[in-house]
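coords-v7.csv (CSV, C-alpha atoms and all ligand atoms) appears below.
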```csv
chain,number,residue,atom,x,y,z
A,99,MET,CA,-54.6,25.7,-113.6
A,100,PRO,CA,-53.7,29.4,-113.4
A,101,LEU,CA,-56.1,31.7,-111.7
A,102,SER,CA,-57.7,34.7,-113.3
A,103,ILE,CA,-57.1,38.1,-111.7
A,104,GLU,CA,-60.7,38.1,-110.4
A,105,ALA,CA,-60.5,34.7,-108.9
A,106,LEU,CA,-57.0,35.4,-107.4
A,107,LEU,CA,-58.3,38.6,-105.8
A,108,LYS,CA,-61.3,36.8,-104.3
A,109,GLN,CA,-59.1,34.1,-102.8
A,110,THR,CA,-56.5,36.5,-101.5
A,111,VAL,CA,-59.1,38.8,-99.9
A,112,GLN,CA,-60.4,35.7,-98.0
A,113,GLN,CA,-56.9,34.7,-96.8
A,114,LEU,CA,-56.1,38.2,-95.7
A,115,THR,CA,-59.4,38.5,-93.9
A,116,GLU,CA,-58.7,35.3,-92.0
A,117,ALA,CA,-55.2,36.6,-91.2
A,118,GLY,CA,-56.8,39.7,-89.6
A,119,SER,CA,-55.9,42.4,-92.1
A,120,ASP,CA,-58.0,45.6,-91.6
A,121,SER,CA,-58.0,46.3,-95.3
A,122,PRO,CA,-58.0,43.0,-97.2
A,123,GLN,CA,-59.4,44.3,-100.5
A,124,LEU,CA,-56.9,47.2,-100.7
A,125,ASP,CA,-54.0,45.0,-99.6
A,126,ALA,CA,-54.8,42.4,-102.3
A,127,ALA,CA,-55.2,45.0,-105.0
A,128,VAL,CA,-52.0,46.9,-104.1
A,129,LEU,CA,-49.9,43.7,-103.9
A,130,LEU,CA,-51.2,42.3,-107.2
A,131,CYS,CA,-50.6,45.6,-109.0
A,132,PHE,CA,-47.1,45.6,-107.5
A,133,VAL,CA,-46.4,42.2,-108.9
A,134,LEU,CA,-48.0,42.9,-112.3
A,135,ASP,CA,-46.4,46.4,-112.4
A,136,LYS,CA,-49.8,47.8,-113.5
A,137,PRO,CA,-52.1,50.6,-112.2
A,138,ARG,CA,-55.2,49.7,-110.2
A,139,SER,CA,-57.5,50.2,-113.2
A,140,TYR,CA,-55.9,47.2,-114.9
A,141,LEU,CA,-57.4,44.8,-112.4
A,142,LEU,CA,-60.9,46.0,-113.2
A,143,THR,CA,-60.3,46.2,-117.0
A,144,TRP,CA,-58.8,42.7,-117.3
A,145,PRO,CA,-60.5,40.5,-114.6
A,146,GLU,CA,-60.2,37.4,-116.8
A,147,LYS,CA,-56.5,37.7,-117.5
A,148,THR,CA,-54.3,35.0,-115.8
A,149,LEU,CA,-50.9,35.3,-114.2
A,150,ASP,CA,-47.9,33.6,-115.8
A,151,SER,CA,-45.9,31.3,-113.6
A,152,GLU,CA,-43.3,33.9,-112.7
A,153,GLN,CA,-46.0,36.4,-111.7
A,154,SER,CA,-47.7,33.7,-109.6
A,155,ALA,CA,-44.6,32.9,-107.8
A,156,ALA,CA,-43.8,36.5,-107.1
A,157,PHE,CA,-47.4,37.0,-105.9
A,158,ASP,CA,-47.1,34.0,-103.5
A,159,THR,CA,-43.9,35.5,-102.0
A,160,VAL,CA,-45.4,38.9,-101.3
A,161,LEU,CA,-48.7,37.5,-100.1
A,162,ARG,CA,-46.8,35.3,-97.6
A,163,ARG,CA,-45.0,38.3,-96.2
A,164,ARG,CA,-48.3,40.2,-95.8
A,165,LEU,CA,-50.0,37.2,-94.2
A,166,ALA,CA,-47.1,37.2,-91.7
A,167,GLY,CA,-48.1,40.7,-90.8
A,168,GLU,CA,-45.6,42.8,-92.7
A,169,PRO,CA,-47.0,46.2,-93.7
A,170,VAL,CA,-47.9,46.5,-97.4
A,171,ALA,CA,-46.0,49.8,-97.6
A,172,TYR,CA,-42.7,48.0,-96.7
A,173,ILE,CA,-43.4,45.1,-99.1
A,174,VAL,CA,-44.0,47.4,-102.1
A,175,GLY,CA,-41.6,50.0,-100.8
A,176,GLU,CA,-44.0,52.9,-101.4
A,177,ARG,CA,-46.8,54.8,-99.8
A,178,GLU,CA,-48.8,57.8,-101.0
A,179,PHE,CA,-48.9,60.9,-98.8
A,180,TRP,CA,-50.6,64.2,-99.8
A,181,SER,CA,-50.9,62.6,-103.3
A,182,LEU,CA,-47.1,62.3,-103.5
A,183,PRO,CA,-45.8,58.7,-104.0
A,184,LEU,CA,-43.1,58.3,-101.5
A,185,LYS,CA,-40.5,55.5,-101.1
A,186,VAL,CA,-40.6,54.0,-97.7
A,187,ALA,CA,-38.1,51.7,-95.9
A,188,PRO,CA,-38.1,49.7,-92.7
A,189,HIS,CA,-36.0,52.4,-91.0
A,190,THR,CA,-38.8,55.0,-91.5
A,191,LEU,CA,-42.3,55.3,-90.2
A,192,ILE,CA,-45.0,54.7,-92.8
A,193,PRO,CA,-46.7,58.0,-93.4
A,194,ARG,CA,-50.2,58.1,-91.9
A,195,PRO,CA,-53.3,59.8,-93.5
A,196,ASP,CA,-53.9,61.7,-90.2
A,197,THR,CA,-50.5,63.4,-90.5
A,198,GLU,CA,-51.9,65.2,-93.6
A,199,ARG,CA,-53.9,67.2,-91.0
A,200,LEU,CA,-50.5,68.4,-89.6
A,201,VAL,CA,-49.6,69.5,-93.1
A,202,GLU,CA,-52.9,71.4,-93.5
A,203,LEU,CA,-52.4,73.3,-90.2
A,204,ALA,CA,-48.8,74.1,-90.9
A,205,LEU,CA,-49.7,75.5,-94.3
A,206,GLU,CA,-52.2,77.8,-92.6
A,207,LYS,CA,-49.4,79.2,-90.4
A,208,VAL,CA,-46.8,79.8,-93.1
A,209,PRO,CA,-46.6,83.5,-93.9
A,210,VAL,CA,-47.3,84.7,-97.4
A,211,GLU,CA,-43.7,85.9,-98.0
A,212,PRO,CA,-40.9,83.4,-98.8
A,213,CYS,CA,-39.5,82.0,-95.6
A,214,SER,CA,-38.0,78.9,-94.0
A,215,VAL,CA,-39.8,75.8,-92.6
A,216,LEU,CA,-38.3,73.0,-90.6
A,217,ASP,CA,-39.6,69.4,-90.3
A,218,LEU,CA,-38.0,67.5,-87.4
A,219,GLY,CA,-37.9,63.7,-87.6
A,220,THR,CA,-38.7,63.8,-91.3
A,221,GLY,CA,-38.4,60.1,-92.0
A,222,THR,CA,-39.5,59.6,-95.6
A,223,GLY,CA,-39.6,63.4,-95.9
A,224,ALA,CA,-43.4,63.2,-96.1
A,225,ILE,CA,-44.3,66.4,-94.2
A,226,ALA,CA,-41.4,68.5,-95.6
A,227,LEU,CA,-42.2,67.4,-99.2
A,228,ALA,CA,-45.9,68.0,-98.9
A,229,ILE,CA,-45.3,71.6,-97.6
A,230,ALA,CA,-42.6,72.2,-100.2
A,231,SER,CA,-44.8,71.0,-103.0
A,232,GLU,CA,-47.6,73.4,-102.0
A,233,ARG,CA,-45.3,76.4,-101.6
A,234,PRO,CA,-42.4,76.3,-104.1
A,235,GLU,CA,-41.1,79.7,-102.9
A,236,LEU,CA,-40.4,78.3,-99.3
A,237,SER,CA,-37.1,76.8,-98.2
A,238,VAL,CA,-38.0,73.6,-96.4
A,239,THR,CA,-35.4,71.7,-94.2
A,240,GLY,CA,-36.0,68.1,-93.0
A,241,ILE,CA,-33.9,66.6,-90.3
A,242,ASP,CA,-33.8,63.0,-89.2
A,243,LEU,CA,-31.6,61.3,-86.7
A,244,ARG,CA,-30.9,58.4,-89.1
A,245,PRO,CA,-28.6,59.2,-92.1
A,246,GLU,CA,-30.5,56.5,-94.1
A,247,ALA,CA,-33.8,58.3,-93.5
A,248,ALA,CA,-32.3,61.7,-94.6
A,249,GLN,CA,-30.9,60.0,-97.7
A,250,LEU,CA,-34.3,58.4,-98.5
A,251,ALA,CA,-36.1,61.8,-98.0
A,252,LEU,CA,-33.5,63.3,-100.5
A,253,GLU,CA,-34.2,60.5,-103.0
A,254,ASN,CA,-38.0,61.2,-102.6
A,255,SER,CA,-37.4,64.9,-103.3
A,256,GLN,CA,-35.4,64.0,-106.4
A,257,ASN,CA,-38.0,61.5,-107.7
A,258,LEU,CA,-40.7,64.1,-107.2
A,259,LYS,CA,-38.6,66.9,-108.7
A,260,ILE,CA,-39.2,69.0,-105.6
A,261,THR,CA,-36.2,71.3,-105.4
A,262,ASN,CA,-36.9,73.6,-102.5
A,263,THR,CA,-36.0,71.1,-99.8
A,264,ARG,CA,-32.7,70.0,-98.1
A,265,PHE,CA,-32.3,67.0,-95.8
A,266,LEU,CA,-29.9,66.8,-92.9
A,267,SER,CA,-29.1,64.1,-90.4
A,268,GLY,CA,-28.7,64.5,-86.6
A,269,SER,CA,-30.6,64.8,-83.4
A,270,TRP,CA,-33.5,67.3,-83.6
A,271,TYR,CA,-32.0,70.8,-84.2
A,272,SER,CA,-28.3,69.8,-83.9
A,273,PRO,CA,-27.4,69.9,-87.6
A,274,LEU,CA,-28.5,73.5,-87.8
A,275,THR,CA,-26.2,76.5,-87.3
A,276,SER,CA,-27.1,78.6,-84.3
A,277,ASP,CA,-28.2,81.6,-86.4
A,278,GLU,CA,-30.9,79.8,-88.4
A,279,ARG,CA,-34.5,80.9,-87.8
A,280,PHE,CA,-37.7,79.4,-89.1
A,281,ALA,CA,-41.2,80.7,-89.6
A,282,VAL,CA,-42.7,77.3,-88.9
A,283,VAL,CA,-41.3,74.2,-87.2
A,284,VAL,CA,-43.3,71.1,-87.6
A,285,SER,CA,-42.8,67.6,-86.3
A,286,ASN,CA,-44.4,64.2,-86.0
A,287,PRO,CA,-42.1,62.9,-83.3
A,288,PRO,CA,-42.2,59.6,-81.4
A,289,TYR,CA,-44.9,60.0,-78.8
A,290,ILE,CA,-46.1,56.5,-77.8
A,291,ASP,CA,-45.4,55.3,-74.2
A,292,LYS,CA,-43.3,52.2,-74.2
A,293,THR,CA,-46.0,50.2,-72.3
A,294,ASP,CA,-48.7,51.0,-74.9
A,295,PRO,CA,-50.2,47.7,-76.1
A,296,HIS,CA,-50.8,49.3,-79.5
A,297,LEU,CA,-47.1,48.7,-80.2
A,298,GLU,CA,-47.8,44.9,-80.4
A,299,GLN,CA,-50.5,45.2,-83.0
A,300,GLY,CA,-50.7,45.4,-86.8
A,301,ASP,CA,-48.2,47.3,-88.9
A,302,VAL,CA,-46.8,49.2,-86.0
A,303,ARG,CA,-44.9,46.0,-84.9
A,304,PHE,CA,-42.7,46.3,-88.0
A,305,GLU,CA,-41.9,50.1,-87.7
A,306,PRO,CA,-38.8,51.4,-86.0
A,307,LYS,CA,-39.4,51.8,-82.2
A,308,SER,CA,-37.2,54.9,-82.4
A,309,ALA,CA,-39.8,56.6,-84.5
A,310,LEU,CA,-42.7,55.6,-82.3
A,311,VAL,CA,-41.7,55.4,-78.6
A,312,ALA,CA,-40.6,58.2,-76.3
A,313,GLU,CA,-39.8,58.4,-72.6
A,314,GLU,CA,-41.8,60.3,-70.0
A,315,ASN,CA,-45.2,58.7,-71.1
A,316,GLY,CA,-44.3,59.6,-74.7
A,317,LEU,CA,-43.7,63.3,-74.0
A,318,ALA,CA,-39.9,63.4,-73.8
A,319,ASP,CA,-39.2,64.3,-77.4
A,320,ILE,CA,-42.1,66.7,-77.6
A,321,ARG,CA,-40.6,68.5,-74.6
A,322,ILE,CA,-37.1,68.7,-76.2
A,323,ILE,CA,-38.5,70.0,-79.5
A,324,SER,CA,-40.5,72.6,-77.7
A,325,GLU,CA,-37.7,73.8,-75.4
A,326,GLN,CA,-35.0,74.0,-78.1
A,327,GLY,CA,-37.5,75.4,-80.7
A,328,ARG,CA,-37.5,78.8,-78.9
A,329,GLN,CA,-34.0,79.3,-80.2
A,330,TYR,CA,-34.8,78.5,-83.8
A,331,LEU,CA,-38.2,80.1,-84.3
A,332,GLN,CA,-38.3,83.6,-85.7
A,333,THR,CA,-40.4,86.1,-83.7
A,334,GLY,CA,-44.1,85.2,-84.4
A,335,GLY,CA,-43.0,81.8,-85.7
A,336,TRP,CA,-45.2,78.7,-85.1
A,337,LEU,CA,-44.4,75.3,-83.7
A,338,LEU,CA,-46.8,72.5,-84.5
A,339,MET,CA,-46.5,68.9,-83.3
A,340,GLU,CA,-48.5,65.7,-83.8
A,341,HIS,CA,-49.2,63.7,-80.6
A,342,GLY,CA,-51.4,61.0,-79.2
A,343,PHE,CA,-55.1,61.5,-78.9
A,344,GLU,CA,-54.9,61.7,-75.1
A,345,GLN,CA,-51.8,64.1,-74.9
A,346,GLY,CA,-53.4,67.4,-76.0
A,347,GLU,CA,-53.6,68.8,-72.5
A,348,ALA,CA,-50.1,67.7,-71.5
A,349,VAL,CA,-48.6,69.2,-74.7
A,350,ARG,CA,-50.4,72.5,-74.2
A,351,SER,CA,-49.0,72.7,-70.7
A,352,ILE,CA,-45.5,72.1,-72.0
A,353,LEU,CA,-45.9,74.9,-74.5
A,354,LEU,CA,-47.5,77.3,-72.0
A,355,GLU,CA,-44.8,76.6,-69.4
A,356,LEU,CA,-42.1,77.4,-72.0
A,357,GLY,CA,-43.7,80.7,-72.8
A,358,TYR,CA,-45.4,80.0,-76.1
A,359,ASN,CA,-48.6,82.0,-76.9
A,360,GLN,CA,-51.8,81.2,-78.7
A,361,VAL,CA,-51.5,77.6,-77.7
A,362,SER,CA,-54.2,75.4,-79.0
A,363,THR,CA,-55.0,71.8,-80.1
A,364,ALA,CA,-56.6,70.7,-83.3
A,365,GLN,CA,-58.3,67.4,-84.1
A,366,ASP,CA,-57.6,64.8,-86.7
A,367,TYR,CA,-60.1,63.5,-89.3
A,368,ALA,CA,-61.6,61.2,-86.7
A,369,GLY,CA,-62.2,64.2,-84.4
A,370,LEU,CA,-59.5,63.2,-81.9
A,371,ASP,CA,-56.9,65.6,-80.5
A,372,ARG,CA,-53.9,65.2,-82.7
A,373,VAL,CA,-51.9,68.4,-83.3
A,374,THR,CA,-50.9,71.1,-80.7
A,375,MET,CA,-49.4,74.4,-81.8
A,376,GLY,CA,-48.0,77.6,-80.2
A,377,CYS,CA,-46.6,80.9,-81.4
A,378,TRP,CA,-43.2,82.1,-80.2
A,379,GLN,CA,-43.0,85.9,-79.7
A,380,GLY,CA,-39.4,85.9,-78.6
B,1,LIG,N1,-49.9,57.9,-84.9
B,1,LIG,C1,-49.0,56.8,-84.9
B,1,LIG,C2,-49.6,55.5,-84.3
B,1,LIG,O1,-50.3,55.6,-83.4
B,1,LIG,C3,-47.7,57.1,-84.2
B,1,LIG,C4,-46.8,58.0,-84.9
B,1,LIG,C5,-45.8,58.6,-84.0
B,1,LIG,O2,-45.4,58.0,-83.0
B,1,LIG,N2,-45.3,59.7,-84.4
B,1,LIG,O3,-49.3,54.4,-84.8
```

Can you turn what I pasted into structure tokens?
Ligand code: GLN
Amino acid sequence: MPLSIEALLKQTVQQLTEAGSDSPQLDAAVLLCFVLDKPRSYLLTWPEKTLDSEQSAAFDTVLRRRLAGEPVAYIVGEREFWSLPLKVAPHTLIPRPDTERLVELALEKVPVEPCSVLDLGTGTGAIALAIASERPELSVTGIDLRPEAAQLALENSQNLKITNTRFLSGSWYSPLTSDERFAVVVSNPPYIDKTDPHLEQGDVRFEPKSALVAEENGLADIRIISEQGRQYLQTGGWLLMEHGFEQGEAVRSILLELGYNQVSTAQDYAGLDRVTMGCWQG
């Protein structure tokens, strides 16, 4: 007997709850819409509709993956960030809502005149594309160590018809020419310490370690970005980096030691230290 959408959702929410999902309702709805290829409103409009056998089999497959812990964003291959639907893949971090705070703060620092912005460790291109979509007159560069990530970010820009971005592949600033200067450099780098138990929990287990973990208690990449940033920031340019909620003081010290000015830390939507920034006066 085929189940109705309503009954299937109810049953799925229960299974996901038992499996320990933090967001069982949302997971169930997103997975079902993915299989049905319909918007979310369809589930509410047609609760009595039943799935055909092909749809049921497809739903069983995706639900099994989710019950085994795989992130919904990897199963459906998409995650929304800054209202932009982005393709995601297992070689990129899944964009987080808190990283939108980094975008807001970066947009506040971008001068009014057209200029260049750099996003280091761009992954899906989330930060670069969010900034570029808000300010079409800017030139936004995204760099990622992994060529597959730079390629995915490029595909995302094409799907979204955002034309003021370019994506390069290489370690931090290395793909740039030495004369390039940016008004704003932004990054959500790896910043988790390798012994952090958080790495063994939930969605994070499936994300690339290279996008999450850094040496030196998670500060090694933040230090490199800050050190080398001095060469690529224009006078009065701003560096803004996301970091762990307990790293604000350490990141401010790094920026101050390197000679940045107006160094401060801003909080995420939960009120936790999340983004530290500094101005480079040259
Ligand atoms: N904020 C993410 C987490 O705690 C980590 C993102 C990152 O390392 N850049 O899961």

Let me make sure I understand: among A:Gly357, A:Pro306, A:Pro195, A:Gly316, which one has the smallest atom-to-atom distance to A:Thr293 if we use only C-alpha atoms? A:Gly316

Across A:Pro295, A:Gly376, A:Pro209, A:Pro288, the smallest distance to ligand LIG 1 (chain B), with all atoms listed in the file counted, is shown by A:Pro288

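Among A:Leu317, A:Val283, A:Leu191, A:Leu200, the residue with the shortest atom-to-atom distance to A:Phe304, counting all atoms listed in the file, is A:Leu191.
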
Could you list, as a VMD selection string, all the residues within 10 Å of ligand LIG 1 (chain B), counting only C-alpha atoms and all ligand atoms? chain A and resid 191 to 197 219 285 to 291 294 296 to 297 299 to 303 305 to 312 316 339 to 343 372

Let me see the file: selected residues, C-alpha atoms, as a PDB file, in the frame of the given file.
```pdb
ATOM      1  CA  LEU A 191     -42.300  55.300 -90.200  1.00  0.00           C
ATOM      2  CA  ILE A 192     -45.000  54.700 -92.800  1.00  0.00           C
ATOM      3  CA  PRO A 193     -46.700  58.000 -93.400  1.00  0.00           C
ATOM      4  CA  ARG A 194     -50.200  58.100 -91.900  1.00  0.00           C
ATOM      5  CA  PRO A 195     -53.300  59.800 -93.500  1.00  0.00           C
ATOM      6  CA  ASP A 196     -53.900  61.700 -90.200  1.00  0.00           C
ATOM      7  CA  THR A 197     -50.500  63.400 -90.500  1.00  0.00           C
ATOM      8  CA  GLY A 219     -37.900  63.700 -87.600  1.00  0.00           C
ATOM      9  CA  SER A 285     -42.800  67.600 -86.300  1.00  0.00           C
ATOM     10  CA  ASN A 286     -44.400  64.200 -86.000  1.00  0.00           C
ATOM     11  CA  PRO A 287     -42.100  62.900 -83.300  1.00  0.00           C
ATOM     12  CA  PRO A 288     -42.200  59.600 -81.400  1.00  0.00           C
ATOM     13  CA  TYR A 289     -44.900  60.000 -78.800  1.00  0.00           C
ATOM     14  CA  ILE A 290     -46.100  56.500 -77.800  1.00  0.00           C
ATOM     15  CA  ASP A 291     -45.400  55.300 -74.200  1.00  0.00           C
ATOM     16  CA  ASP A 294     -48.700  51.000 -74.900  1.00  0.00           C
ATOM     17  CA  HIS A 296     -50.800  49.300 -79.500  1.00  0.00           C
ATOM     18  CA  LEU A 297     -47.100  48.700 -80.200  1.00  0.00           C
ATOM     19  CA  GLN A 299     -50.500  45.200 -83.000  1.00  0.00           C
ATOM     20  CA  GLY A 300     -50.700  45.400 -86.800  1.00  0.00           C
ATOM     21  CA  ASP A 301     -48.200  47.300 -88.900  1.00  0.00           C
ATOM     22  CA  VAL A 302     -46.800  49.200 -86.000  1.00  0.00           C
ATOM     23  CA  ARG A 303     -44.900  46.000 -84.900  1.00  0.00           C
ATOM     24  CA  GLU A 305     -41.900  50.100 -87.700  1.00  0.00           C
ATOM     25  CA  PRO A 306     -38.800  51.400 -86.000  1.00  0.00           C
ATOM     26  CA  LYS A 307     -39.400  51.800 -82.200  1.00  0.00           C
ATOM     27  CA  SER A 308     -37.200  54.900 -82.400  1.00  0.00           C
ATOM     28  CA  ALA A 309     -39.800  56.600 -84.500  1.00  0.00           C
ATOM     29  CA  LEU A 310     -42.700  55.600 -82.300  1.00  0.00           C
ATOM     30  CA  VAL A 311     -41.700  55.400 -78.600  1.00  0.00           C
ATOM     31  CA  ALA A 312     -40.600  58.200 -76.300  1.00  0.00           C
ATOM     32  CA  GLY A 316     -44.300  59.600 -74.700  1.00  0.00           C
ATOM     33  CA  MET A 339     -46.500  68.900 -83.300  1.00  0.00           C
ATOM     34  CA  GLU A 340     -48.500  65.700 -83.800  1.00  0.00           C
ATOM     35  CA  HIS A 341     -49.200  63.700 -80.600  1.00  0.00           C
ATOM     36  CA  GLY A 342     -51.400  61.000 -79.200  1.00  0.00           C
ATOM     37  CA  PHE A 343     -55.100  61.500 -78.900  1.00  0.00           C
ATOM     38  CA  ARG A 372     -53.900  65.200 -82.700  1.00  0.00           C
TER      39      ARG A 372
END
```

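Look at A:Gly335: the protein and nucleic acid residues within 8 Å of it, using all atoms listed in the file and passing over chain neighbours fewer than 5 places away, are A:Phe280, A:Ala281, A:Val282, A:Val283, A:Cys377, A:Trp378, A:Gln379.
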
Compare A:Leu243, A:Val111, A:Leu274, A:Ile260 by their minimum atom-to-atom distance to A:Gln329, counting all atoms listed in the file, and give me the closest one.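 The answer is A:Leu274, which sits nearest to A:Gln329.
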
Using all atoms listed in the file, which of the listed residues (A:Leu165, A:Ala224, A:Leu149, A:Ala155) sits closest to A:Glu178?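 The shortest atom-to-atom distance to A:Glu178 comes from A:Ala224.
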
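When atom CA of A:Leu182 is paired with atom CA of A:Leu227, their separation reads 8.3 Å.
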
Nearest to A:Pro212, chosen from A:Ser237, A:Thr115, A:Asn359, A:Thr190, with only C-alpha atoms counted in the distances: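 Of A:Ser237, A:Thr115, A:Asn359, A:Thr190, the one nearest A:Pro212, counting only C-alpha atoms, is A:Ser237.
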
In Å to one decimal, how far is atom CA of A:Glu152 from atom CA of A:Ala126? 17.7 Å

Please compute the atom CA of A:Glu347-atom CA of A:Ala204 distance, one decimal, in Å.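 Interatomic distance, atom CA of A:Glu347 to atom CA of A:Ala204: 19.7 Å.
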